[in-house]
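Student: First the structure, then my questions, so here it is.
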Amino acid sequence: MSRASKLHTLARLNDTTLGFFSNVPSSETLNHLVRYLSTWSGSDKFFTLIQYTLKLIVPFLHWRARLQHRAGIRKDATSNAAPSLASFTSIISDARMLGRFWGLLPIFQWMISMERNPPPTRTLHTIERLQGWSMLGYYPLEHLYYLRAHNLIPTSIPALSAILGRSSKRISLNGNKLILWSSRFWLLYVVLQFAHLREDRKLLLTRQRNLRKGKGLSVEDKEDLRKRWDSLGNELVANAANLPLALHWSLESGIFANDIWVTIFSLINGIATFRGGWKATALPSVKAVASPDPSNTTDTVEDIKY
């Protein structure tokens, strides 16, 4: 075999083995997934689905193990895999909370943009202002809770008067109170979001009537309205799932005796927000009906609970 022939054979072998992916067709779904998961909100939504899906699987595995034990199929009445999955959900929860440490930045961006380009009605403007301020209360308290929970900061910090040298007063940092008040600010946002969606619905109905009175509904208009109504309905589902969660975490005793309800509502919210984010990052992109996107407010706010 000549040298040229050997080189040609090696090149073909190289293309066949190392160049295997040349045979794999390009995928818009893969491109969409990479585009979506490359964003902070997209990856957070993805891990939300993983976290709460696993939280549903864990009790199922324990239940199955007990049944198998009673049937004499296995020696132990507990699942071997469940503890590892439960540990993984805790890691995801911790990572998601840590990832929200820059959550204030898009909120600042949203509030600044809101004043430069206000919503179409005064009512919406007021609602979004209140929502923005509620997040300015939520995030710092959650950050303090996280730092305190990991013993990264002391149990008390100097008061402003102590920093200025006027007194020695210190502010106690109680982890439970921090997360309670943080959740209450989030609850305020969730309640306001229902008012926001109500205003969005009014605007959408007005737009629909005006289009019908004018030239009539074209194919493009019908498709645009369909997407807007779908987005509105999706946000309503996500916010409705958030309400019991916000109430639960805002009360010292909570409202659920069984944490399975927390998991179910969180998973419903996770599915709805992932779906909304997926549609919003599709090409061509579709504008959502709801508030300006500090990552779609549902991205940075409705996803904020663990």
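By order in the structure tokens, chains are A, B, ...; within a chain, residues start at 1; ligands start at 1, following the order shown.
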Could you please write out, as an MDAnalysis selection string, every residue of range 25-199 of chain A that DSSP assigns to alpha helix (DSSP H)?

Tutor: chainID A and resid 28:37 40:70 82:99 104:116 122:149 160:163 175:199

Student: Output C-alpha atoms for every residue in the selection just made, as a CSV table (one decimal), in the first residue's frame.

Tutor:
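The file below, selection_7.csv, is the result:
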chain,number,residue,atom,x,y,z
A,28,GLU,CA,-33.5,23.1,16.6
A,29,THR,CA,-34.8,21.5,19.8
A,30,LEU,CA,-31.2,21.1,21.0
A,31,ASN,CA,-30.4,24.7,20.0
A,32,HIS,CA,-33.5,25.9,21.8
A,33,LEU,CA,-32.6,23.8,24.9
A,34,VAL,CA,-29.0,25.2,25.0
A,35,ARG,CA,-30.3,28.8,24.4
A,36,TYR,CA,-32.9,28.4,27.3
A,37,LEU,CA,-30.6,26.6,29.8
A,40,TRP,CA,-30.1,32.0,34.8
A,41,SER,CA,-33.9,31.7,34.8
A,42,GLY,CA,-33.9,28.8,32.4
A,43,SER,CA,-31.4,26.7,34.4
A,44,ASP,CA,-33.3,27.6,37.6
A,45,LYS,CA,-36.6,26.4,36.1
A,46,PHE,CA,-34.9,23.2,34.9
A,47,PHE,CA,-33.5,22.4,38.3
A,48,THR,CA,-36.9,23.2,39.9
A,49,LEU,CA,-38.4,20.5,37.8
A,50,ILE,CA,-35.7,18.1,38.7
A,51,GLN,CA,-35.9,19.0,42.4
A,52,TYR,CA,-39.6,18.5,42.9
A,53,THR,CA,-39.9,15.5,40.6
A,54,LEU,CA,-37.3,13.8,42.8
A,55,LYS,CA,-39.2,14.9,45.9
A,56,LEU,CA,-42.2,13.1,44.6
A,57,ILE,CA,-40.2,10.0,43.7
A,58,VAL,CA,-38.6,9.7,47.1
A,59,PRO,CA,-41.8,8.9,49.1
A,60,PHE,CA,-42.9,6.6,46.3
A,61,LEU,CA,-39.6,4.6,46.6
A,62,HIS,CA,-40.1,4.3,50.4
A,63,TRP,CA,-43.7,3.2,49.9
A,64,ARG,CA,-42.7,0.6,47.3
A,65,ALA,CA,-40.0,-0.7,49.6
A,66,ARG,CA,-42.5,-1.1,52.4
A,67,LEU,CA,-44.8,-3.1,50.1
A,68,GLN,CA,-42.0,-5.3,48.9
A,69,HIS,CA,-40.9,-5.9,52.5
A,70,ARG,CA,-44.4,-7.0,53.5
A,82,ALA,CA,-34.3,7.3,48.3
A,83,PRO,CA,-31.8,8.9,50.8
A,84,SER,CA,-29.4,9.7,47.9
A,85,LEU,CA,-32.1,11.3,45.9
A,86,ALA,CA,-33.3,13.3,48.9
A,87,SER,CA,-29.8,14.5,49.5
A,88,PHE,CA,-29.6,15.6,45.8
A,89,THR,CA,-32.8,17.6,46.2
A,90,SER,CA,-31.2,19.4,49.2
A,91,ILE,CA,-28.1,20.2,47.1
A,92,ILE,CA,-30.3,21.6,44.3
A,93,SER,CA,-32.4,23.7,46.7
A,94,ASP,CA,-29.2,25.1,48.2
A,95,ALA,CA,-27.7,25.8,44.9
A,96,ARG,CA,-30.9,27.6,43.6
A,97,MET,CA,-31.0,29.8,46.7
A,98,LEU,CA,-27.3,30.7,46.2
A,99,GLY,CA,-27.9,31.4,42.6
A,104,LEU,CA,-31.7,42.1,42.9
A,105,LEU,CA,-29.9,43.2,39.8
A,106,PRO,CA,-32.7,42.4,37.3
A,107,ILE,CA,-35.2,43.8,39.8
A,108,PHE,CA,-33.2,47.1,39.8
A,109,GLN,CA,-33.1,47.0,36.0
A,110,TRP,CA,-36.8,46.3,35.8
A,111,MET,CA,-37.7,49.2,38.2
A,112,ILE,CA,-35.5,51.7,36.3
A,113,SER,CA,-36.9,50.6,33.0
A,114,MET,CA,-40.4,50.8,34.3
A,115,GLU,CA,-40.0,54.5,35.1
A,116,ARG,CA,-38.5,55.2,31.7
A,122,ARG,CA,-51.7,53.9,35.8
A,123,THR,CA,-53.0,50.9,37.6
A,124,LEU,CA,-50.5,48.6,36.1
A,125,HIS,CA,-47.7,51.1,36.9
A,126,THR,CA,-48.7,51.2,40.5
A,127,ILE,CA,-49.0,47.4,40.8
A,128,GLU,CA,-45.5,46.9,39.2
A,129,ARG,CA,-44.0,49.6,41.5
A,130,LEU,CA,-45.4,47.8,44.5
A,131,GLN,CA,-44.1,44.4,43.2
A,132,GLY,CA,-40.7,45.9,42.6
A,133,TRP,CA,-40.5,47.2,46.2
A,134,SER,CA,-41.8,43.9,47.6
A,135,MET,CA,-38.8,42.2,45.9
A,136,LEU,CA,-36.4,44.8,47.4
A,137,GLY,CA,-37.7,43.4,50.7
A,138,TYR,CA,-37.6,39.8,49.7
A,139,TYR,CA,-34.1,39.3,48.4
A,140,PRO,CA,-32.0,40.9,51.1
A,141,LEU,CA,-33.8,39.0,53.8
A,142,GLU,CA,-33.4,35.7,51.9
A,143,HIS,CA,-29.7,36.4,51.4
A,144,LEU,CA,-29.3,37.0,55.1
A,145,TYR,CA,-31.2,33.8,55.9
A,146,TYR,CA,-29.0,31.8,53.6
A,147,LEU,CA,-25.8,33.2,55.1
A,148,ARG,CA,-27.1,32.7,58.6
A,149,ALA,CA,-28.2,29.1,57.9
A,160,LEU,CA,-26.6,51.7,61.9
A,161,SER,CA,-26.2,53.8,65.0
A,162,ALA,CA,-23.4,51.5,66.2
A,163,ILE,CA,-21.7,51.8,62.8
A,175,GLY,CA,-33.0,32.6,60.7
A,176,ASN,CA,-36.7,31.7,61.1
A,177,LYS,CA,-37.8,35.3,61.3
A,178,LEU,CA,-35.7,36.3,58.3
A,179,ILE,CA,-37.2,33.6,56.0
A,180,LEU,CA,-40.7,34.3,57.4
A,181,TRP,CA,-40.5,38.0,56.5
A,182,SER,CA,-38.8,37.2,53.2
A,183,SER,CA,-41.7,34.9,52.3
A,184,ARG,CA,-44.2,37.6,53.4
A,185,PHE,CA,-42.7,40.0,50.9
A,186,TRP,CA,-43.0,37.3,48.3
A,187,LEU,CA,-46.6,36.7,49.3
A,188,LEU,CA,-47.3,40.4,48.7
A,189,TYR,CA,-45.8,40.0,45.2
A,190,VAL,CA,-48.0,37.0,44.5
A,191,VAL,CA,-51.2,38.7,45.5
A,192,LEU,CA,-50.3,41.8,43.5
A,193,GLN,CA,-49.6,39.5,40.5
A,194,PHE,CA,-53.3,38.4,40.5
A,195,ALA,CA,-54.2,42.1,40.2
A,196,HIS,CA,-51.6,42.4,37.4
A,197,LEU,CA,-53.1,39.5,35.5
A,198,ARG,CA,-56.5,41.0,35.8
A,199,GLU,CA,-55.3,44.2,34.2

Student: Near Leu245 in chain A, within 9 Å and counting only C-alpha atoms, which residues show up once chain neighbours fewer than 3 positions away are dropped, as number ranges by chain?

Tutor: A: 187, 241-242, 248-250, 255, 261-262, 265-266, 305

Student: Grab the residues selected above and save them as a PDB file, in the first residue's frame with N, CA and C atoms.

Tutor:
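Output below, filename selection-v6.pdb:
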ATOM      1  N   LEU A 187     -45.174  36.846  49.284  1.00  0.00           N
ATOM      2  CA  LEU A 187     -46.627  36.705  49.283  1.00  0.00           C
ATOM      3  C   LEU A 187     -47.288  37.972  48.768  1.00  0.00           C
ATOM      4  N   ALA A 241     -50.454  28.456  41.735  1.00  0.00           N
ATOM      5  CA  ALA A 241     -49.686  27.444  42.457  1.00  0.00           C
ATOM      6  C   ALA A 241     -48.779  28.088  43.502  1.00  0.00           C
ATOM      7  N   ASN A 242     -48.336  29.302  43.225  1.00  0.00           N
ATOM      8  CA  ASN A 242     -47.456  30.009  44.165  1.00  0.00           C
ATOM      9  C   ASN A 242     -48.186  30.491  45.415  1.00  0.00           C
ATOM     10  N   HIS A 248     -48.001  29.299  52.994  1.00  0.00           N
ATOM     11  CA  HIS A 248     -47.397  28.275  53.847  1.00  0.00           C
ATOM     12  C   HIS A 248     -46.090  28.765  54.465  1.00  0.00           C
ATOM     13  N   TRP A 249     -45.224  29.357  53.646  1.00  0.00           N
ATOM     14  CA  TRP A 249     -43.914  29.791  54.136  1.00  0.00           C
ATOM     15  C   TRP A 249     -43.976  31.121  54.880  1.00  0.00           C
ATOM     16  N   SER A 250     -45.122  31.795  54.812  1.00  0.00           N
ATOM     17  CA  SER A 250     -45.257  33.085  55.501  1.00  0.00           C
ATOM     18  C   SER A 250     -45.769  32.929  56.928  1.00  0.00           C
ATOM     19  N   ILE A 255     -49.440  26.050  56.478  1.00  0.00           N
ATOM     20  CA  ILE A 255     -50.835  25.653  56.254  1.00  0.00           C
ATOM     21  C   ILE A 255     -50.935  24.187  55.837  1.00  0.00           C
ATOM     22  N   TRP A 261     -47.835  18.371  49.758  1.00  0.00           N
ATOM     23  CA  TRP A 261     -48.573  19.442  49.078  1.00  0.00           C
ATOM     24  C   TRP A 261     -47.633  20.550  48.615  1.00  0.00           C
ATOM     25  N   VAL A 262     -46.616  20.824  49.400  1.00  0.00           N
ATOM     26  CA  VAL A 262     -45.602  21.790  48.985  1.00  0.00           C
ATOM     27  C   VAL A 262     -44.933  21.309  47.704  1.00  0.00           C
ATOM     28  N   PHE A 265     -47.547  21.575  44.634  1.00  0.00           N
ATOM     29  CA  PHE A 265     -47.746  22.937  44.143  1.00  0.00           C
ATOM     30  C   PHE A 265     -46.457  23.496  43.524  1.00  0.00           C
ATOM     31  N   SER A 266     -45.327  23.162  44.102  1.00  0.00           N
ATOM     32  CA  SER A 266     -44.054  23.622  43.547  1.00  0.00           C
ATOM     33  C   SER A 266     -43.797  23.016  42.179  1.00  0.00           C
ATOM     34  N   LYS A 305     -38.905  30.505  45.247  1.00  0.00           N
ATOM     35  CA  LYS A 305     -39.035  29.628  46.404  1.00  0.00           C
ATOM     36  C   LYS A 305     -38.469  28.257  46.100  1.00  0.00           C
TER      37      LYS A 305
END

Student: Among the residues of range 89-256 of chain A, find those DSSP assigns to strand (DSSP E or B) from the backbone and print them as a list in words.

Tutor: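 Those in range 89-256 of chain A that DSSP calls strand (DSSP E or B) are Ser156, Ile157, Pro158, Arg170, Ile171 and Ser172 of chain A.
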
Student: Output the selection as a PDB file, in the first residue's frame - N, CA and C atoms for each residue.

Tutor:
ATOM      1  N   SER A 156     -25.754  38.225  65.181  1.00  0.00           N
ATOM      2  CA  SER A 156     -26.206  39.629  65.264  1.00  0.00           C
ATOM      3  C   SER A 156     -25.203  40.498  64.527  1.00  0.00           C
ATOM      4  N   ILE A 157     -25.684  41.631  64.034  1.00  0.00           N
ATOM      5  CA  ILE A 157     -24.831  42.586  63.326  1.00  0.00           C
ATOM      6  C   ILE A 157     -25.023  43.969  63.939  1.00  0.00           C
ATOM      7  N   PRO A 158     -24.036  44.862  63.821  1.00  0.00           N
ATOM      8  CA  PRO A 158     -24.176  46.201  64.402  1.00  0.00           C
ATOM      9  C   PRO A 158     -25.302  46.990  63.746  1.00  0.00           C
ATOM     10  N   ARG A 170     -27.008  46.188  68.641  1.00  0.00           N
ATOM     11  CA  ARG A 170     -26.841  45.188  67.604  1.00  0.00           C
ATOM     12  C   ARG A 170     -28.208  44.633  67.187  1.00  0.00           C
ATOM     13  N   ILE A 171     -28.297  44.214  65.953  1.00  0.00           N
ATOM     14  CA  ILE A 171     -29.532  43.656  65.417  1.00  0.00           C
ATOM     15  C   ILE A 171     -29.404  42.133  65.369  1.00  0.00           C
ATOM     16  N   SER A 172     -30.335  41.455  66.014  1.00  0.00           N
ATOM     17  CA  SER A 172     -30.317  39.994  66.034  1.00  0.00           C
ATOM     18  C   SER A 172     -30.781  39.437  64.694  1.00  0.00           C
TER      19      SER A 172
END

Student: Which residue, A:Ser231, A:Asn174, A:Asn14, A:Thr155, has the smallest gap to Arg201 in chain A when you use only C-alpha atoms?

Tutor: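 Going through A:Ser231, A:Asn174, A:Asn14, A:Thr155 one by one, the smallest distance to Arg201 in chain A is for A:Ser231.
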
Student: As an exercise, work out the distance from CA of Lys222 in chain A to CA of Arg207 in chain A in Å and give it to one decimal place.

Tutor: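 Those two atoms sit 11.5 Å apart.
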
Student: Between A:Ala4, A:Asn258, A:Leu203, A:Ala77, single out the one closest to Pro119 in chain A, counting only C-alpha atoms.

Tutor: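 Of A:Ala4, A:Asn258, A:Leu203, A:Ala77, the one nearest Pro119 in chain A is A:Leu203, counting only C-alpha atoms.
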
Student: So the first atom is CA of Leu251 in chain A and the second is CA of Asn234 in chain A; what is the distance between them in Å, to one decimal place?

Tutor: 27.0 Å

Student: Could you check how far CA of Asn239 in chain A sits from CA of Asn269 in chain A, in Å to one decimal?

Tutor: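 Rounded to one decimal, the two atoms are 7.3 Å apart.
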